[in-house]
Amino acid sequence: MFSNRDRGAKDFSEEIDAHLQLEADELEAGGLSRAEAERRARAAFGSRTVARERFSLRHRSEVFENMKRDIRYGLRMMARNPAVTLVAVLTLACGIAASATVFTWIDAVLLQPLGGVADPGGLVTLETVTSNGEMITSSYPDYIDFRDHLKLFDGITVTRPAIFSVGQEAHAERVWGELVSGNFFAVLGARPEAGRLFLPAEYGDAPGGYPVAVISDRYWRSHFSADPSVVGKTLRINQHELTVVGVAAPAFRGSMPAAYFDLWVPYMQQPVLNGVPQWMLRDRHNRNMLGIARLKQGVTVEQARLELKTLADRMAVLNADVSRGMSATIIPLWKSPQGPQSLLLGPLRILAAICILVLMIVCANVANLLLARATAREKEFSARLALGATRLRIMRQMLTECLLLTGAGALIGVASAPFLGRSLRYLLPPGPLSQLISMDTRPNVAVLAFTAGVCVVCALAAGLLPALHVSRIALSTTLNAGGRSGAAGRPHNRIRSMLVASEVALAMVTLVGAGLFARGFQQSMHIDPGFDPDHVLVNQFYLSTNGYTVFQRAEFCRRLAERMLSAPAVTDVAYSDGVPLNFEPSWWEELTIEGYTPQPDENMNLYRNVVSPGYLPLMHIPIVDGRNFTEQDNENGPNVMIVNQAFARRYFAGRNPIGHAVHGWGRWFRIVGVAKDSKYHYLSETTPPYFYVSFRQLYRADMNLAFYVRTRGEPLGILSALRAQTREIDPNVTVFDAAPLKEYIGASLYPQKVAASLMAIMSALALLLAAVGLYSTMAYSVAQRTQEIGVRMALGARPGRVLVMVVRQGLTLTAFGMAVGIGLAWVLARMAASISATNSAMGATQKVLQGNATDPLIYAAAIVFLGAVAALAAYFPARRAARVEPMEALRTE
Amino acid sequence: MPTRKEENDRIALLQGTLDLLILRVLLFGACHGQGISKAILQQSDEVFFVDHGSLYLALQRLEDGGMISAKWGVSENNRKARFYSLTAKGRAQLTQKTSQWNRLKKAMESILSPAGEEA
């Protein structure tokens, strides 16, 4: 017979039938007719359908069954209206994809910045603090003091990003890596994938004593095909052999958020690798290391910060010659002003706000669509209500359909997020830095959870109004009413109008935002940089990786300059340490100025550039007083300095600075000239005091080297000549990434450029959505009022009047939305104006939104533009209304 | 014909007590669903009128639990019907549940009776 579990519904049905027969038999025996007996038996039994249902559902939960039914029904409804479904899903996909992408970036930069480390919550950034509160990098001797004397920390490590040349001379490859203190991997808690990481034997401070290196997983796979025998092999780094002792785990990418380093070398190898003299490593004044620290278990950030500050204050007194007034502090990893996260923080915040705006617009649009569908399905819902469905059930149905839509959108969004995520590269300036930036854009658990959350929130936001509307359907009116009275539609129309008005308001906000950012960007483009960047080619040389000493580097530059000057179409040649308006922070030096006593809290670290004599003439920066550097300002001559006008104003207050002495780098310099002010870090900065020193007198081994060539024609035309001449002097030196100087300037404007472009894209999307929403609302309203329009026209109204009437209705709606939008935009613009994208930790910040946040011209332009689009969106339904045939209209139901 | 008490006089059956009643009825021999329902009605002096949906669900539950076994057979007047009979497990369950019920009954009585006397 049947087994218990497999007892089918048919068997049960038969049993019920048998029961009824038996019951009828008994009743018949009691004296009733057969028909009456059977009727009473059936009545006594109750609902057979219910019994059958309960039987077949006895193993399942009712909730689950209802959900499955809702989903199946919802899918059928979606398939029946492909247009609506497609539009809704696509717009949701746009909004959710954007949000997921931005969240991926935020996750990679802020929330989980370092991969492959143990307990990232215990890591903090360690910063040295100048006398006026600026946060700067630390020096190695300071690090040694911190490491040896702090008790509340589990470990402190310092790092410095550097470019290495790996491989044989002719085939050398440029690799980004970090010079790290020996305990780097231990403090971070990283694990090796093969071999080992740095051991305590390598924690010491003996220069040149640790010829070892660790490579990254990415480098291991691309260069060694993941061959485990790489452990113990040597790599030729900067023309020196280092032993590879291990490979880092795949998740470990270094100590900088959003960056991927390929090589880690002990900092103490610097003298060997870069020709940096040993005394520089011991120079407390040489502050160029980024610090990371791990707190001991159970120690709070406040306690640790206090201990650090106490120690730093003591050190400031002990080393008063270089550290007077300095202190130290710890901050969360993502707050560090050095590294990519400082560049990305401002733009990411703006992006997040934009995403929220877009999501709101998308939800309003979907709600509008669903409301329209709900109206068309009113009869269906009324029938279900009449058959006994509860209102809650109907609401659940609507919400389930909405969830299906957002779910589909979320799937598309999550699938496209990795591709969109790679576009973060375009947020960053061109140059070597963009090769370093890399983040894992595959969705991880956090991103998936976030997307799911967004999906549910959107479903609720978009589905609540239609669900509420549907649940308030009055049974009799809808089942009986036609379109004649239109009374059933009135509150419904109000809701739809409000939705469209809100879409218009949000579109207004994005339009104003786009206008403000675009105008700010444009204004910045027109700021005079104070020098002439056109027709100049600039190239960064990394001669340290070729083993050049300082003297050799100076010689190289001199010879190359000579050769390039004799090349055709070249007018000027120069070389320097830093490039103006380059995105890397410029270096500074602490100065003592004869005749000027600094305030107690004053920061005497000033920005400078180490330049050749040809630099100022090449840049077309005029000397307003005194003279320029000459070839005589070399190692044998007296130390000289040129200052800018801001320097003269600040420290000499009207007196002539020429001839005064200034102390820095342990020597005395004499000011021989004053140069005109120009822009050094940002186009929008207030000019800081700045000075120049002569290349031959001050160039040190740890400085960069930028080479400039000014030509009469296009800068890239001279590139081949530069390459050829370089090769002739030394075939092992390559010209890696020469670029026109004008590109560097563009790079310094990237936050504004990015913000302007993103706002423009978003506002276009918002405008489109608002227009579509407006159009559909108007079209629907016209369709509803067809009879009314027919009556009007039959009574003598001209088509023109009807057109005007409909358009006016549309514009009224738009005007209301615009008013709200302007208010919102005003508030938000003021908030956005306070967001800055800061690069250098020395207070050289710049706001992402330049210019006046309340410029009336932008608002007026936005109103006009939005009004035009709205008028157009209302025009087409209006035209259709005007073309209505009165007799046709009166006949429609 | 079966009379039905008014709705308010019907005492709601606690879950699980229906199982006990079914097992008890089946103690005296195999029976089909309609017969069980009639037996419960008669033996309770027409107090318990079992909702048939619940009855058949309970029968299925007991069958799934192995307390009773079922077989299609023929009734007295040659009607096809599904007959249920107690298994050994069911018998043991009946004994256990009956003693539980008696304990419950005694406890309820001891709490309720003194108050009843005073009233």
# chains A, B, ... in the order shown; residues from 1 in each chain; ligands from 1

$ interface_residues --of "chain A" --to "chain B" --cutoff "7 Å" --atoms "only C-alpha atoms" --output "PDB file with N, CA and C atoms, in the first residue's frame"
ATOM      1  N   ASN A   4       3.321   5.933   4.423  1.00  0.00           N
ATOM      2  CA  ASN A   4       2.693   7.080   5.079  1.00  0.00           C
ATOM      3  C   ASN A   4       3.074   8.406   4.441  1.00  0.00           C
ATOM      4  N   ARG A   5       4.357   8.565   4.210  1.00  0.00           N
ATOM      5  CA  ARG A   5       4.823   9.864   3.763  1.00  0.00           C
ATOM      6  C   ARG A   5       4.325  10.194   2.363  1.00  0.00           C
ATOM      7  N   GLU A  15     -10.839   9.238   0.748  1.00  0.00           N
ATOM      8  CA  GLU A  15     -11.280   8.982   2.118  1.00  0.00           C
ATOM      9  C   GLU A  15     -12.405   9.928   2.505  1.00  0.00           C
ATOM     10  N   ALA A  18     -15.532   8.775   0.961  1.00  0.00           N
ATOM     11  CA  ALA A  18     -16.051   7.598   1.688  1.00  0.00           C
ATOM     12  C   ALA A  18     -16.752   8.057   2.961  1.00  0.00           C
ATOM     13  N   HIS A  19     -16.134   9.001   3.676  1.00  0.00           N
ATOM     14  CA  HIS A  19     -16.743   9.523   4.902  1.00  0.00           C
ATOM     15  C   HIS A  19     -18.124  10.070   4.625  1.00  0.00           C
ATOM     16  N   LEU A  22     -20.672   7.347   4.041  1.00  0.00           N
ATOM     17  CA  LEU A  22     -21.080   6.677   5.275  1.00  0.00           C
ATOM     18  C   LEU A  22     -22.041   7.550   6.073  1.00  0.00           C
ATOM     19  N   GLU A  23     -21.702   8.831   6.171  1.00  0.00           N
ATOM     20  CA  GLU A  23     -22.549   9.756   6.904  1.00  0.00           C
ATOM     21  C   GLU A  23     -23.935   9.827   6.271  1.00  0.00           C
ATOM     22  N   LEU A  27     -27.709   8.935   7.832  1.00  0.00           N
ATOM     23  CA  LEU A  27     -28.816   9.891   7.834  1.00  0.00           C
ATOM     24  C   LEU A  27     -30.013   9.315   7.081  1.00  0.00           C
ATOM     25  N   GLY A  30     -31.880   7.136   9.036  1.00  0.00           N
ATOM     26  CA  GLY A  30     -32.708   7.830  10.003  1.00  0.00           C
ATOM     27  C   GLY A  30     -33.982   8.376   9.397  1.00  0.00           C
ATOM     28  N   PHE A  45     -19.856  18.148   7.336  1.00  0.00           N
ATOM     29  CA  PHE A  45     -18.408  17.931   7.207  1.00  0.00           C
ATOM     30  C   PHE A  45     -17.639  19.255   7.221  1.00  0.00           C
ATOM     31  N   ALA A  51     -10.172  21.247   3.990  1.00  0.00           N
ATOM     32  CA  ALA A  51      -9.577  20.027   4.557  1.00  0.00           C
ATOM     33  C   ALA A  51      -8.489  19.492   3.643  1.00  0.00           C
ATOM     34  N   PHE A  55      -4.517  19.248   4.423  1.00  0.00           N
ATOM     35  CA  PHE A  55      -3.813  17.978   4.318  1.00  0.00           C
ATOM     36  C   PHE A  55      -2.552  18.127   3.478  1.00  0.00           C
TER      37      PHE A  55
END

$ select_by_dssp --residues "stretch 25-97 of chain B" --states "helix (DSSP H, G or I)" --output "JSON, numbers by chain"
{"B": [25, 26, 33, 34, 35, 36, 37, 38, 39, 40, 41, 42, 43, 52, 53, 54, 55, 56, 57, 58, 59, 60, 61, 62, 63, 64, 65, 88, 89, 90, 91, 92, 93, 94, 95, 96, 97]}

$ write_last_selection --atoms "C-alpha atoms" --output "PDB file, in the first residue's frame"
ATOM      1  CA  VAL B  25     -11.755   5.081  20.559  1.00  0.00           C
ATOM      2  CA  LEU B  26      -9.540   2.788  18.535  1.00  0.00           C
ATOM      3  CA  GLY B  33     -12.855   8.290  10.186  1.00  0.00           C
ATOM      4  CA  GLN B  34     -16.583   8.763  10.152  1.00  0.00           C
ATOM      5  CA  GLY B  35     -17.025   6.133  12.798  1.00  0.00           C
ATOM      6  CA  ILE B  36     -14.411   7.713  15.051  1.00  0.00           C
ATOM      7  CA  SER B  37     -16.087  11.091  14.781  1.00  0.00           C
ATOM      8  CA  LYS B  38     -19.487   9.529  15.626  1.00  0.00           C
ATOM      9  CA  ALA B  39     -17.997   7.606  18.539  1.00  0.00           C
ATOM     10  CA  ILE B  40     -16.420  10.688  20.074  1.00  0.00           C
ATOM     11  CA  LEU B  41     -19.674  12.587  19.704  1.00  0.00           C
ATOM     12  CA  GLN B  42     -21.772   9.858  21.308  1.00  0.00           C
ATOM     13  CA  GLN B  43     -19.405   8.873  24.089  1.00  0.00           C
ATOM     14  CA  HIS B  52     -13.501  17.003  10.433  1.00  0.00           C
ATOM     15  CA  GLY B  53     -10.594  18.849   8.964  1.00  0.00           C
ATOM     16  CA  SER B  54      -8.802  18.674  12.312  1.00  0.00           C
ATOM     17  CA  LEU B  55      -9.835  15.046  12.745  1.00  0.00           C
ATOM     18  CA  TYR B  56      -8.300  13.873   9.520  1.00  0.00           C
ATOM     19  CA  LEU B  57      -5.207  15.965  10.117  1.00  0.00           C
ATOM     20  CA  ALA B  58      -4.845  14.354  13.539  1.00  0.00           C
ATOM     21  CA  LEU B  59      -5.366  10.914  12.036  1.00  0.00           C
ATOM     22  CA  GLN B  60      -2.631  11.619   9.485  1.00  0.00           C
ATOM     23  CA  ARG B  61      -0.324  12.865  12.201  1.00  0.00           C
ATOM     24  CA  LEU B  62      -0.866   9.753  14.287  1.00  0.00           C
ATOM     25  CA  GLU B  63      -0.336   7.625  11.211  1.00  0.00           C
ATOM     26  CA  ASP B  64       2.927   9.450  10.396  1.00  0.00           C
ATOM     27  CA  GLY B  65       4.027   8.947  13.989  1.00  0.00           C
ATOM     28  CA  ALA B  88       1.664  -1.470  19.827  1.00  0.00           C
ATOM     29  CA  LYS B  89       3.323   1.889  19.985  1.00  0.00           C
ATOM     30  CA  GLY B  90      -0.069   3.516  19.941  1.00  0.00           C
ATOM     31  CA  ARG B  91      -1.236   1.335  22.781  1.00  0.00           C
ATOM     32  CA  ALA B  92       1.724   2.331  24.893  1.00  0.00           C
ATOM     33  CA  GLN B  93       1.177   6.010  24.031  1.00  0.00           C
ATOM     34  CA  LEU B  94      -2.477   5.682  25.050  1.00  0.00           C
ATOM     35  CA  THR B  95      -1.557   4.287  28.474  1.00  0.00           C
ATOM     36  CA  GLN B  96       1.018   6.998  29.073  1.00  0.00           C
ATOM     37  CA  LYS B  97      -1.203   9.868  27.938  1.00  0.00           C
TER      38      LYS B  97
END

$ atom_distance --atom1 "atom CA of A:His223" --atom2 "atom CA of A:Pro192"
17.6 Å

$ residues_around --residues "stretch 790-793 of chain A" --least-positions-apart "5" --cutoff "7 Å" --atoms "only C-alpha atoms" --output "list in words"
Arg798, Val884, Glu885, Pro886, Met887, Ala889 and Leu890 of chain A

$ residues_around --residues "stretch 691-703 of chain A" --least-positions-apart "3" --cutoff "7 Å" --atoms "only C-alpha atoms" --output "PDB file with N, CA and C atoms, in the first residue's frame"
ATOM      1  N   GLY A 275      72.474  54.777  -2.565  1.00  0.00           N
ATOM      2  CA  GLY A 275      73.592  55.680  -2.406  1.00  0.00           C
ATOM      3  C   GLY A 275      73.335  56.767  -1.384  1.00  0.00           C
ATOM      4  N   VAL A 276      72.394  56.516  -0.492  1.00  0.00           N
ATOM      5  CA  VAL A 276      72.122  57.526   0.533  1.00  0.00           C
ATOM      6  C   VAL A 276      73.196  57.410   1.617  1.00  0.00           C
ATOM      7  N   VAL A 550      75.774  61.091  -5.686  1.00  0.00           N
ATOM      8  CA  VAL A 550      75.259  62.441  -5.845  1.00  0.00           C
ATOM      9  C   VAL A 550      76.076  63.204  -6.876  1.00  0.00           C
ATOM     10  N   ALA A 554      74.771  64.818 -10.524  1.00  0.00           N
ATOM     11  CA  ALA A 554      74.927  66.210 -10.945  1.00  0.00           C
ATOM     12  C   ALA A 554      75.654  66.271 -12.284  1.00  0.00           C
ATOM     13  N   SER A 576      65.536  70.053 -11.582  1.00  0.00           N
ATOM     14  CA  SER A 576      65.218  70.436 -10.210  1.00  0.00           C
ATOM     15  C   SER A 576      64.820  69.209  -9.422  1.00  0.00           C
ATOM     16  N   ASP A 577      64.552  69.466  -8.145  1.00  0.00           N
ATOM     17  CA  ASP A 577      64.141  68.384  -7.246  1.00  0.00           C
ATOM     18  C   ASP A 577      62.643  68.158  -7.349  1.00  0.00           C
ATOM     19  N   TYR A 607      58.521  75.566   2.433  1.00  0.00           N
ATOM     20  CA  TYR A 607      58.649  74.813   1.185  1.00  0.00           C
ATOM     21  C   TYR A 607      59.797  75.348   0.351  1.00  0.00           C
ATOM     22  N   ARG A 608      60.416  74.450  -0.402  1.00  0.00           N
ATOM     23  CA  ARG A 608      61.544  74.890  -1.228  1.00  0.00           C
ATOM     24  C   ARG A 608      61.665  74.002  -2.455  1.00  0.00           C
ATOM     25  N   ASN A 609      62.469  74.456  -3.392  1.00  0.00           N
ATOM     26  CA  ASN A 609      62.821  73.663  -4.556  1.00  0.00           C
ATOM     27  C   ASN A 609      64.324  73.803  -4.792  1.00  0.00           C
ATOM     28  N   VAL A 610      64.936  72.690  -5.154  1.00  0.00           N
ATOM     29  CA  VAL A 610      66.375  72.709  -5.423  1.00  0.00           C
ATOM     30  C   VAL A 610      66.534  72.734  -6.935  1.00  0.00           C
ATOM     31  N   VAL A 611      67.051  73.842  -7.482  1.00  0.00           N
ATOM     32  CA  VAL A 611      66.950  74.056  -8.933  1.00  0.00           C
ATOM     33  C   VAL A 611      68.294  74.364  -9.574  1.00  0.00           C
ATOM     34  N   SER A 612      68.337  74.130 -10.886  1.00  0.00           N
ATOM     35  CA  SER A 612      69.516  74.509 -11.658  1.00  0.00           C
ATOM     36  C   SER A 612      69.370  75.983 -12.053  1.00  0.00           C
ATOM     37  N   PHE A 629      70.437  82.322 -10.088  1.00  0.00           N
ATOM     38  CA  PHE A 629      71.619  81.476  -9.867  1.00  0.00           C
ATOM     39  C   PHE A 629      72.457  81.453 -11.136  1.00  0.00           C
ATOM     40  N   ASP A 633      77.542  79.429  -8.815  1.00  0.00           N
ATOM     41  CA  ASP A 633      76.958  79.021  -7.525  1.00  0.00           C
ATOM     42  C   ASP A 633      77.056  77.523  -7.406  1.00  0.00           C
ATOM     43  N   ASN A 634      78.296  77.029  -7.226  1.00  0.00           N
ATOM     44  CA  ASN A 634      78.472  75.594  -7.128  1.00  0.00           C
ATOM     45  C   ASN A 634      79.103  75.248  -5.786  1.00  0.00           C
ATOM     46  N   GLU A 635      79.659  74.030  -5.712  1.00  0.00           N
ATOM     47  CA  GLU A 635      80.172  73.538  -4.426  1.00  0.00           C
ATOM     48  C   GLU A 635      81.241  74.453  -3.857  1.00  0.00           C
ATOM     49  N   ASN A 639      77.146  79.732  -0.261  1.00  0.00           N
ATOM     50  CA  ASN A 639      75.788  79.221  -0.395  1.00  0.00           C
ATOM     51  C   ASN A 639      74.814  80.370  -0.616  1.00  0.00           C
ATOM     52  N   VAL A 640      74.010  80.229  -1.641  1.00  0.00           N
ATOM     53  CA  VAL A 640      73.091  81.316  -1.981  1.00  0.00           C
ATOM     54  C   VAL A 640      71.654  80.802  -2.027  1.00  0.00           C
ATOM     55  N   MET A 641      70.706  81.710  -1.975  1.00  0.00           N
ATOM     56  CA  MET A 641      69.288  81.361  -1.935  1.00  0.00           C
ATOM     57  C   MET A 641      68.490  82.447  -2.634  1.00  0.00           C
ATOM     58  N   ILE A 642      67.441  82.037  -3.324  1.00  0.00           N
ATOM     59  CA  ILE A 642      66.482  82.987  -3.900  1.00  0.00           C
ATOM     60  C   ILE A 642      65.147  82.765  -3.202  1.00  0.00           C
ATOM     61  N   VAL A 643      64.481  83.838  -2.835  1.00  0.00           N
ATOM     62  CA  VAL A 643      63.203  83.699  -2.146  1.00  0.00           C
ATOM     63  C   VAL A 643      62.101  84.301  -3.003  1.00  0.00           C
ATOM     64  N   ASN A 644      60.856  83.977  -2.667  1.00  0.00           N
ATOM     65  CA  ASN A 644      59.772  84.592  -3.436  1.00  0.00           C
ATOM     66  C   ASN A 644      59.229  85.801  -2.676  1.00  0.00           C
TER      67      ASN A 644
END

$ select_by_dssp --residues "stretch 447-604 of chain A" --states "strand (DSSP E)" --output "ChimeraX atom specification"
/A:536-541,570-576,588-590,592-593

$ write_last_selection --atoms "N, CA and C atoms" --output "CSV table (one decimal), in the first residue's frame"
chain,number,residue,atom,x,y,z
A,536,VAL,N,56.7,72.7,-22.6
A,536,VAL,CA,57.8,72.2,-21.7
A,536,VAL,C,57.5,70.7,-21.5
A,537,LEU,N,58.6,69.9,-21.7
A,537,LEU,CA,58.5,68.5,-21.5
A,537,LEU,C,59.3,68.2,-20.2
A,538,VAL,N,58.7,67.4,-19.3
A,538,VAL,CA,59.4,67.1,-18.0
A,538,VAL,C,59.5,65.6,-17.9
A,539,ASN,N,60.6,65.2,-17.3
A,539,ASN,CA,60.8,63.7,-17.1
A,539,ASN,C,61.4,63.5,-15.8
A,540,GLN,N,61.0,62.5,-15.1
A,540,GLN,CA,61.5,62.2,-13.8
A,540,GLN,C,62.6,61.1,-14.0
A,541,PHE,N,63.8,61.4,-13.5
A,541,PHE,CA,64.8,60.3,-13.5
A,541,PHE,C,65.0,59.7,-12.2
A,570,VAL,N,65.2,73.5,-29.2
A,570,VAL,CA,65.2,73.6,-27.8
A,570,VAL,C,65.7,75.0,-27.4
A,571,THR,N,64.9,75.6,-26.5
A,571,THR,CA,65.2,77.0,-26.1
A,571,THR,C,65.8,77.0,-24.7
A,572,ASP,N,65.3,76.2,-23.8
A,572,ASP,CA,65.8,76.2,-22.4
A,572,ASP,C,65.9,74.7,-21.9
A,573,VAL,N,66.8,74.5,-21.0
A,573,VAL,CA,66.9,73.2,-20.3
A,573,VAL,C,67.1,73.5,-18.8
A,574,ALA,N,66.5,72.7,-18.0
A,574,ALA,CA,66.7,72.9,-16.5
A,574,ALA,C,66.5,71.6,-15.8
A,575,TYR,N,66.9,71.5,-14.5
A,575,TYR,CA,66.5,70.4,-13.7
A,575,TYR,C,66.3,70.8,-12.3
A,576,SER,N,65.5,70.1,-11.6
A,576,SER,CA,65.2,70.4,-10.2
A,576,SER,C,64.8,69.2,-9.4
A,588,TRP,N,60.2,70.4,2.5
A,588,TRP,CA,60.4,71.6,3.3
A,588,TRP,C,61.7,71.5,4.0
A,589,GLU,N,62.1,72.6,4.6
A,589,GLU,CA,63.3,72.6,5.4
A,589,GLU,C,63.0,73.7,6.5
A,590,GLU,N,63.6,73.4,7.7
A,590,GLU,CA,63.4,74.3,8.8
A,590,GLU,C,64.5,75.4,8.7
A,592,THR,N,66.2,79.2,9.9
A,592,THR,CA,66.4,80.3,10.8
A,592,THR,C,66.8,81.5,10.0
A,593,ILE,N,66.0,82.6,10.2
A,593,ILE,CA,66.3,83.8,9.3
A,593,ILE,C,66.9,84.9,10.2

$ atom_distance --atom1 "atom CA of A:Val672" --atom2 "atom CA of A:Pro277"
29.6 Å

$ atom_distance --atom1 "atom CA of A:Thr814" --atom2 "atom CA of A:Ala756"
25.2 Å

$ residues_around --residues "A:Thr310" --least-positions-apart "4" --cutoff "12 Å" --atoms "only C-alpha atoms" --output "PyMOL selection string"
chain A and resi 146+149-150+303-306+314-317+326-329

$ write_last_selection --atoms "N, CA and C atoms" --output "tab-separated table (two decimals), in the first residue's frame"
chain	number	residue	atom	x	y	z
A	146	PHE	N	60.87	55.87	19.83
A	146	PHE	CA	59.50	55.40	20.09
A	146	PHE	C	59.50	53.90	20.34
A	149	HIS	N	61.02	52.87	23.80
A	149	HIS	CA	60.57	53.39	25.08
A	149	HIS	C	59.08	53.33	25.33
A	150	LEU	N	58.27	53.02	24.31
A	150	LEU	CA	56.84	53.04	24.54
A	150	LEU	C	56.38	51.67	25.01
A	303	GLN	N	44.77	56.40	25.94
A	303	GLN	CA	45.91	56.10	26.82
A	303	GLN	C	47.21	56.09	26.01
A	304	ALA	N	47.14	55.40	24.86
A	304	ALA	CA	48.36	55.28	24.06
A	304	ALA	C	48.80	56.65	23.55
A	305	ARG	N	47.82	57.45	23.15
A	305	ARG	CA	48.16	58.77	22.63
A	305	ARG	C	48.85	59.61	23.71
A	306	LEU	N	48.35	59.47	24.93
A	306	LEU	CA	48.94	60.26	26.02
A	306	LEU	C	50.38	59.85	26.27
A	314	ARG	N	59.21	64.92	25.82
A	314	ARG	CA	60.55	64.77	26.43
A	314	ARG	C	61.62	64.81	25.35
A	315	MET	N	61.31	64.12	24.22
A	315	MET	CA	62.29	64.09	23.13
A	315	MET	C	62.49	65.48	22.56
A	316	ALA	N	61.43	66.27	22.54
A	316	ALA	CA	61.55	67.61	21.98
A	316	ALA	C	62.52	68.45	22.79
A	317	VAL	N	62.52	68.24	24.10
A	317	VAL	CA	63.44	68.99	24.95
A	317	VAL	C	64.86	68.47	24.80
A	326	MET	N	58.10	70.05	18.81
A	326	MET	CA	57.44	68.97	18.09
A	326	MET	C	56.77	68.02	19.05
A	327	SER	N	55.82	67.33	18.54
A	327	SER	CA	55.16	66.31	19.35
A	327	SER	C	54.81	65.14	18.43
A	328	ALA	N	54.02	64.23	18.94
A	328	ALA	CA	53.61	63.09	18.10
A	328	ALA	C	52.22	62.67	18.53
A	329	THR	N	51.52	62.02	17.62
A	329	THR	CA	50.17	61.55	17.95
A	329	THR	C	49.85	60.32	17.11

$ residues_around --residues "A:Val265" --least-positions-apart "6" --cutoff "10 Å" --atoms "only C-alpha atoms" --output "compact mmCIF listing (two decimals) with C-alpha atoms, in the first residue's frame"
# COMPACT_ATOMS: atom_id res chain seq x y z
CA THR A 159 57.88 52.58 6.03
CA ALA A 162 60.10 53.87 -3.14
CA PHE A 164 63.15 50.18 -7.37
CA GLY A 177 58.02 48.82 -3.16
CA GLU A 178 58.46 49.88 0.43
CA LEU A 179 61.57 50.46 2.47
CA VAL A 180 60.53 49.20 5.87
CA SER A 181 61.89 48.80 9.36
CA GLY A 182 62.80 45.21 10.19
CA PHE A 198 61.60 39.34 8.11
CA TYR A 210 70.31 42.88 5.71
CA PRO A 211 70.49 42.10 2.01
CA VAL A 212 67.07 40.45 1.92
CA ALA A 213 63.76 41.16 0.25
CA VAL A 214 60.17 39.93 0.27
CA ILE A 215 58.08 39.95 -2.89
CA ILE A 237 67.63 45.40 -7.18
CA LEU A 242 69.31 40.84 -2.59
CA VAL A 244 64.40 36.74 -1.73
CA LEU A 273 70.70 50.58 -2.76

$ decode --residues "stretch 56-74 of chain B" --atoms "C-alpha atoms" --output "PDB file, in the first residue's frame"
ATOM      1  CA  TYR B  56      -8.300  13.873   9.520  1.00  0.00           C
ATOM      2  CA  LEU B  57      -5.207  15.965  10.117  1.00  0.00           C
ATOM      3  CA  ALA B  58      -4.845  14.354  13.539  1.00  0.00           C
ATOM      4  CA  LEU B  59      -5.366  10.914  12.036  1.00  0.00           C
ATOM      5  CA  GLN B  60      -2.631  11.619   9.485  1.00  0.00           C
ATOM      6  CA  ARG B  61      -0.324  12.865  12.201  1.00  0.00           C
ATOM      7  CA  LEU B  62      -0.866   9.753  14.287  1.00  0.00           C
ATOM      8  CA  GLU B  63      -0.336   7.625  11.211  1.00  0.00           C
ATOM      9  CA  ASP B  64       2.927   9.450  10.396  1.00  0.00           C
ATOM     10  CA  GLY B  65       4.027   8.947  13.989  1.00  0.00           C
ATOM     11  CA  GLY B  66       3.410   5.226  13.851  1.00  0.00           C
ATOM     12  CA  MET B  67       0.689   5.213  16.548  1.00  0.00           C
ATOM     13  CA  ILE B  68      -1.969   3.885  14.227  1.00  0.00           C
ATOM     14  CA  SER B  69      -1.955   2.028  10.950  1.00  0.00           C
ATOM     15  CA  ALA B  70      -4.409   2.459   8.116  1.00  0.00           C
ATOM     16  CA  LYS B  71      -5.909   0.176   5.493  1.00  0.00           C
ATOM     17  CA  TRP B  72      -8.633   0.474   2.971  1.00  0.00           C
ATOM     18  CA  GLY B  73     -11.473  -1.875   3.664  1.00  0.00           C
ATOM     19  CA  VAL B  74     -15.218  -2.336   3.365  1.00  0.00           C
TER      20      VAL B  74
END
